[in-house]
Amino acid sequence: MSKKSNVLIIIPAYNEEENIVRVVRGLEETCPDYDYVVVNDGSSDHTAQLCRENGFSLLDLPVNLGLTGAIQAGFLYAYQQGYDAALQFDADGQHLAQYVDSLVQELDKGLDVVIGSRFVTQKKNKSLRMLGSSIISACIFLVSRVRIKDPTSGMRVFSRATIEKFVHNFNFGPEPDTISYLIKTGARVSEVQVEMAERIAGESYLNPWKSMGYMLRMAISIIFIQAFRK
Amino acid sequence: MSVVLRIILILGSVAFAGYVLGKIRHSKMRIEDSIFWILFSLIIFCFGLFPGLPTLCAELIGIQSPVNFVYLFILLLIIVKCLGLSLKLSKTEATLFRLVQKEAIDEAVKEQEKMGKEHKEDDI
């Protein structure tokens, strides 16, 4: 595989046979200048098979590792192949390819992490989910004095220096607590306004209970645990 | 609860939390796995600091002595954690099995392909 760009788009996919082809085709059309790799996270459906049939660039994990493991595989690949930046892009169609460029351009200004945020210029609607997002924002502000308006957005681009941290260190997950830790240790993080689509097919793995557990974990991690890390 | 027991609970939970945080600091434990233990020591700490808490809980479920409630509570949490670990171990073993099997099969397929090629060369 030859490199077209200095940026690698990483698409972690777990059981996304209904979305993966449409999402990757859309990405190829809208962002033809970027390299991408689908990381199939040990799906039990036909995700990997569809990727092979369509000739998509693919990392096929033989067992399910979860999002952290899948993203880390993508980062390791990006790091070893010498990419300068890596962008995390959902396989379920929520992230829109037309915003990839603006995120990368922002990163090129010398930042370490750029988050595709739904709420830079637009207000959050009042739902339970957004309450959770606000609480995580508040936790991050409490420990780092930086306001991240959309900490749970999964559309983020990372500089090579940051990728290196993800590759070499333990406890770097693609989650808000890592963002908080990065800010505290001097990383420059910014947000760019994006829109996101509703999920078209398949099911989100987040139900209210899981969301609450996630929230609690993030809050404890950001406030109590990150302070003690080196 | 006696003052001595309360002091033991408070000091014990602080030392415990310190140990867990030290493990995270030196990258020996995943944050996800540590959350349980941090919450655990936080609760024990609260029991030591506010003895009214275990007293109230003990009264609610009809246990005479609050200290018995503290023991029961710790025991229950440990059983839950133990079960969770057992489940996780099963999953880890299943994953390991699959990886080892895949590795062996991939190796065998590679060898067969190599042999196939050599045979073809012999034919020519």
# chains A, B, ... in the order shown; residues from 1 in each chain; ligands from 1

$ interface_residues --of "chain B" --to "chain A" --cutoff "8 Å" --atoms "only C-alpha atoms" --output "list in words"
Leu21, Gly22, Ile24, Arg25, His26, Ser27, Arg30, Ile31, Glu32, Ile35, Thr95, Arg98, Leu99 and Lys102 of chain B

$ select_by_dssp --residues "stretch 80-212 of chain A" --states "helix (DSSP H, G or I)" --output "number ranges by chain"
A: 80, 97-107, 128-144, 160-168, 176-184, 208-212

$ atom_distance --atom1 "atom CA of B:Leu60" --atom2 "atom CA of B:Lys81"
24.3 Å

$ residues_around --residues "stretch 72-77 of chain B" --least-positions-apart "4" --cutoff "12 Å" --atoms "only C-alpha atoms" --output "PyMOL selection string"
chain B and resi 9+13+36-37+39-41+43-44+47+54+57-58+61+63+65-68+81-84

$ write_last_selection --atoms "N, CA and C atoms" --output "PDB file, in the first residue's frame"
ATOM      1  N   LEU B   9     -10.566   1.862  59.740  1.00  0.00           N
ATOM      2  CA  LEU B   9     -11.269   1.952  58.454  1.00  0.00           C
ATOM      3  C   LEU B   9     -10.742   3.128  57.636  1.00  0.00           C
ATOM      4  N   SER B  13      -8.510   2.524  54.358  1.00  0.00           N
ATOM      5  CA  SER B  13      -9.035   2.870  53.034  1.00  0.00           C
ATOM      6  C   SER B  13      -8.122   3.861  52.317  1.00  0.00           C
ATOM      7  N   PHE B  36     -13.450   0.370  40.391  1.00  0.00           N
ATOM      8  CA  PHE B  36     -14.110  -0.406  41.443  1.00  0.00           C
ATOM      9  C   PHE B  36     -13.398  -0.224  42.781  1.00  0.00           C
ATOM     10  N   TRP B  37     -12.084  -0.351  42.772  1.00  0.00           N
ATOM     11  CA  TRP B  37     -11.329  -0.295  44.023  1.00  0.00           C
ATOM     12  C   TRP B  37     -11.313   1.115  44.615  1.00  0.00           C
ATOM     13  N   LEU B  39     -13.781   3.333  44.250  1.00  0.00           N
ATOM     14  CA  LEU B  39     -15.118   3.487  44.843  1.00  0.00           C
ATOM     15  C   LEU B  39     -15.204   2.729  46.165  1.00  0.00           C
ATOM     16  N   PHE B  40     -14.653   1.520  46.153  1.00  0.00           N
ATOM     17  CA  PHE B  40     -14.633   0.662  47.339  1.00  0.00           C
ATOM     18  C   PHE B  40     -13.984   1.390  48.522  1.00  0.00           C
ATOM     19  N   SER B  41     -12.799   1.933  48.296  1.00  0.00           N
ATOM     20  CA  SER B  41     -12.122   2.594  49.424  1.00  0.00           C
ATOM     21  C   SER B  41     -12.834   3.887  49.812  1.00  0.00           C
ATOM     22  N   ILE B  43     -16.070   4.321  49.836  1.00  0.00           N
ATOM     23  CA  ILE B  43     -17.206   3.945  50.689  1.00  0.00           C
ATOM     24  C   ILE B  43     -16.726   3.573  52.094  1.00  0.00           C
ATOM     25  N   ILE B  44     -15.659   2.775  52.162  1.00  0.00           N
ATOM     26  CA  ILE B  44     -15.137   2.379  53.477  1.00  0.00           C
ATOM     27  C   ILE B  44     -14.677   3.613  54.266  1.00  0.00           C
ATOM     28  N   PHE B  47     -17.681   5.193  55.688  1.00  0.00           N
ATOM     29  CA  PHE B  47     -18.162   4.427  56.841  1.00  0.00           C
ATOM     30  C   PHE B  47     -17.377   4.802  58.097  1.00  0.00           C
ATOM     31  N   PRO B  54     -23.280   3.366  58.430  1.00  0.00           N
ATOM     32  CA  PRO B  54     -23.470   1.926  58.632  1.00  0.00           C
ATOM     33  C   PRO B  54     -24.514   1.619  59.706  1.00  0.00           C
ATOM     34  N   CYS B  57     -27.858   1.772  57.938  1.00  0.00           N
ATOM     35  CA  CYS B  57     -28.020   0.610  57.050  1.00  0.00           C
ATOM     36  C   CYS B  57     -28.277  -0.659  57.851  1.00  0.00           C
ATOM     37  N   ALA B  58     -27.554  -0.808  58.976  1.00  0.00           N
ATOM     38  CA  ALA B  58     -27.710  -1.996  59.810  1.00  0.00           C
ATOM     39  C   ALA B  58     -29.136  -2.062  60.350  1.00  0.00           C
ATOM     40  N   ILE B  61     -31.781  -3.198  57.654  1.00  0.00           N
ATOM     41  CA  ILE B  61     -31.908  -4.622  57.298  1.00  0.00           C
ATOM     42  C   ILE B  61     -31.892  -5.514  58.531  1.00  0.00           C
ATOM     43  N   ILE B  63     -29.804  -5.724  61.305  1.00  0.00           N
ATOM     44  CA  ILE B  63     -28.576  -6.246  61.912  1.00  0.00           C
ATOM     45  C   ILE B  63     -28.315  -5.431  63.170  1.00  0.00           C
ATOM     46  N   SER B  65     -25.566  -4.993  65.192  1.00  0.00           N
ATOM     47  CA  SER B  65     -24.350  -4.191  65.361  1.00  0.00           C
ATOM     48  C   SER B  65     -23.893  -3.620  64.021  1.00  0.00           C
ATOM     49  N   PRO B  66     -23.655  -2.318  63.962  1.00  0.00           N
ATOM     50  CA  PRO B  66     -23.215  -1.708  62.696  1.00  0.00           C
ATOM     51  C   PRO B  66     -21.944  -2.345  62.145  1.00  0.00           C
ATOM     52  N   VAL B  67     -21.072  -2.792  63.054  1.00  0.00           N
ATOM     53  CA  VAL B  67     -19.810  -3.353  62.571  1.00  0.00           C
ATOM     54  C   VAL B  67     -20.062  -4.619  61.755  1.00  0.00           C
ATOM     55  N   ASN B  68     -21.113  -5.369  62.131  1.00  0.00           N
ATOM     56  CA  ASN B  68     -21.464  -6.547  61.344  1.00  0.00           C
ATOM     57  C   ASN B  68     -21.913  -6.162  59.949  1.00  0.00           C
ATOM     58  N   LYS B  81     -17.031  -8.889  43.085  1.00  0.00           N
ATOM     59  CA  LYS B  81     -15.806  -8.650  42.320  1.00  0.00           C
ATOM     60  C   LYS B  81     -15.198  -9.979  41.862  1.00  0.00           C
ATOM     61  N   CYS B  82     -15.237 -10.960  42.768  1.00  0.00           N
ATOM     62  CA  CYS B  82     -14.660 -12.269  42.485  1.00  0.00           C
ATOM     63  C   CYS B  82     -15.384 -12.917  41.299  1.00  0.00           C
ATOM     64  N   LEU B  83     -16.704 -12.826  41.316  1.00  0.00           N
ATOM     65  CA  LEU B  83     -17.496 -13.377  40.219  1.00  0.00           C
ATOM     66  C   LEU B  83     -17.149 -12.661  38.913  1.00  0.00           C
ATOM     67  N   GLY B  84     -17.068 -11.324  39.014  1.00  0.00           N
ATOM     68  CA  GLY B  84     -16.725 -10.536  37.828  1.00  0.00           C
ATOM     69  C   GLY B  84     -15.385 -10.960  37.253  1.00  0.00           C
TER      70      GLY B  84
END

$ residues_around --residues "stretch 76-85 of chain A" --least-positions-apart "5" --cutoff "6 Å" --atoms "only C-alpha atoms" --output "list in words"
Asn6, Val7, Phe158, Ser159, Arg160 and Val167 of chain A

$ write_last_selection --atoms "C-alpha atoms" --output "PDB file, in the first residue's frame"
ATOM      1  CA  ASN A   6       0.301  12.423   5.760  1.00  0.00           C
ATOM      2  CA  VAL A   7      -2.955  11.802   7.551  1.00  0.00           C
ATOM      3  CA  PHE A 158      -4.282  13.525  16.725  1.00  0.00           C
ATOM      4  CA  SER A 159      -0.756  14.736  15.964  1.00  0.00           C
ATOM      5  CA  ARG A 160       2.121  12.281  15.590  1.00  0.00           C
ATOM      6  CA  VAL A 167       1.156   3.636  21.142  1.00  0.00           C
TER       7      VAL A 167
END

$ residues_around --residues "A:Gly26" --least-positions-apart "4" --cutoff "8 Å" --atoms "only C-alpha atoms" --output "ChimeraX atom specification"
/A:22,30,97

$ atom_distance --atom1 "atom CA of A:Ile140" --atom2 "atom CA of A:Ala187"
13.7 Å

$ atom_distance --atom1 "atom CA of A:Val38" --atom2 "atom CA of A:Gln72"
12.5 Å

$ select_by_dssp --residues "stretch 150-182 of chain A" --states "strand (DSSP E)" --output "JSON, numbers by chain"
{"A": [156, 157, 158, 159]}

$ closest_residue --among "A:Asp90, A:Glu164, A:Glu29, A:Asp35" --to "A:Gly116" --atoms "only C-alpha atoms"
A:Asp90

$ residues_around --residues "stretch 110-115 of chain A" --least-positions-apart "6" --cutoff "8 Å" --atoms "only C-alpha atoms" --output "JSON, numbers by chain"
{"A": [103, 104, 150, 151, 153, 154, 155, 156, 157, 158, 159, 161, 162, 187, 188, 189, 190, 191, 192]}

$ write_last_selection --atoms "N, CA and C atoms" --output "compact mmCIF listing (two decimals), in the first residue's frame"
# COMPACT_ATOMS: atom_id res chain seq x y z
N LEU A 103 -10.88 19.76 10.15
CA LEU A 103 -10.18 19.26 11.35
C LEU A 103 -8.68 19.19 11.11
N VAL A 104 -8.32 18.65 9.94
CA VAL A 104 -6.89 18.49 9.63
C VAL A 104 -6.22 19.86 9.49
N ASP A 150 -17.47 19.58 23.60
CA ASP A 150 -18.04 18.29 23.19
C ASP A 150 -17.04 17.16 23.48
N PRO A 151 -16.83 16.86 24.77
CA PRO A 151 -15.77 15.91 25.12
C PRO A 151 -16.05 14.48 24.65
N SER A 153 -17.39 13.60 21.79
CA SER A 153 -17.34 13.43 20.34
C SER A 153 -16.24 12.44 19.97
N GLY A 154 -16.57 11.48 19.12
CA GLY A 154 -15.59 10.47 18.74
C GLY A 154 -14.81 10.86 17.49
N MET A 155 -15.09 12.06 16.95
CA MET A 155 -14.40 12.49 15.74
C MET A 155 -13.25 13.40 16.16
N ARG A 156 -12.04 12.83 16.17
CA ARG A 156 -10.90 13.60 16.65
C ARG A 156 -9.70 13.32 15.76
N VAL A 157 -8.83 14.31 15.65
CA VAL A 157 -7.59 14.07 14.92
C VAL A 157 -6.41 14.35 15.86
N PHE A 158 -5.40 13.48 15.79
CA PHE A 158 -4.28 13.52 16.72
C PHE A 158 -2.97 13.73 15.97
N SER A 159 -2.08 14.53 16.56
CA SER A 159 -0.76 14.74 15.96
C SER A 159 0.12 13.50 16.18
N ALA A 161 2.97 13.27 17.65
CA ALA A 161 3.49 13.21 19.03
C ALA A 161 2.45 12.56 19.95
N THR A 162 1.18 12.88 19.71
CA THR A 162 0.12 12.31 20.54
C THR A 162 -0.09 10.83 20.22
N ALA A 187 -0.73 19.32 26.33
CA ALA A 187 -1.13 19.22 24.93
C ALA A 187 -2.06 20.38 24.56
N ARG A 188 -1.94 20.86 23.32
CA ARG A 188 -2.84 21.91 22.86
C ARG A 188 -4.02 21.26 22.15
N VAL A 189 -5.19 21.49 22.70
CA VAL A 189 -6.41 20.86 22.20
C VAL A 189 -7.39 21.93 21.77
N SER A 190 -7.98 21.74 20.59
CA SER A 190 -8.98 22.71 20.17
C SER A 190 -10.17 22.00 19.54
N GLU A 191 -11.24 22.76 19.31
CA GLU A 191 -12.45 22.17 18.75
C GLU A 191 -12.85 22.90 17.47
N VAL A 192 -13.43 22.15 16.55
CA VAL A 192 -13.92 22.71 15.29
C VAL A 192 -15.39 22.30 15.16

$ residues_around --residues "A:Gly55" --least-positions-apart "5" --cutoff "12 Å" --atoms "only C-alpha atoms" --output "ChimeraX atom specification"
/A:1,21,24-25,28,37-38,48-50

$ write_last_selection --atoms "N, CA and C atoms" --output "JSON list (two decimals), in the first residue's frame"
[["chain", "number", "residue", "atom", "x", "y", "z"],
["A", 1, "MET", "N", 0.84, -1.20, 0.00],
["A", 1, "MET", "CA", 0.00, 0.00, 0.00],
["A", 1, "MET", "C", 0.88, 1.26, 0.00],
["A", 21, "VAL", "N", -19.88, -0.21, 4.06],
["A", 21, "VAL", "CA", -19.64, 0.07, 2.64],
["A", 21, "VAL", "C", -20.03, 1.50, 2.30],
["A", 24, "VAL", "N", -17.48, 4.02, 3.97],
["A", 24, "VAL", "CA", -16.15, 4.09, 3.35],
["A", 24, "VAL", "C", -16.24, 4.66, 1.93],
["A", 25, "ARG", "N", -17.28, 4.25, 1.17],
["A", 25, "ARG", "CA", -17.47, 4.82, -0.17],
["A", 25, "ARG", "C", -17.64, 6.34, -0.08],
["A", 28, "GLU", "N", -14.31, 7.87, 0.57],
["A", 28, "GLU", "CA", -13.45, 7.84, -0.63],
["A", 28, "GLU", "C", -13.85, 8.93, -1.62],
["A", 37, "VAL", "N", -7.88, 3.47, 6.95],
["A", 37, "VAL", "CA", -7.82, 2.04, 7.22],
["A", 37, "VAL", "C", -9.03, 1.67, 8.09],
["A", 38, "VAL", "N", -9.73, 0.61, 7.68],
["A", 38, "VAL", "CA", -10.81, 0.09, 8.51],
["A", 38, "VAL", "C", -10.19, -0.90, 9.49],
["A", 48, "ALA", "N", -15.75, -7.72, 7.81],
["A", 48, "ALA", "CA", -14.44, -7.93, 7.21],
["A", 48, "ALA", "C", -14.57, -8.42, 5.76],
["A", 49, "GLN", "N", -15.51, -9.34, 5.56],
["A", 49, "GLN", "CA", -15.73, -9.89, 4.22],
["A", 49, "GLN", "C", -16.10, -8.79, 3.23],
["A", 50, "LEU", "N", -17.02, -7.89, 3.65],
["A", 50, "LEU", "CA", -17.44, -6.78, 2.79],
["A", 50, "LEU", "C", -16.26, -5.88, 2.44]]
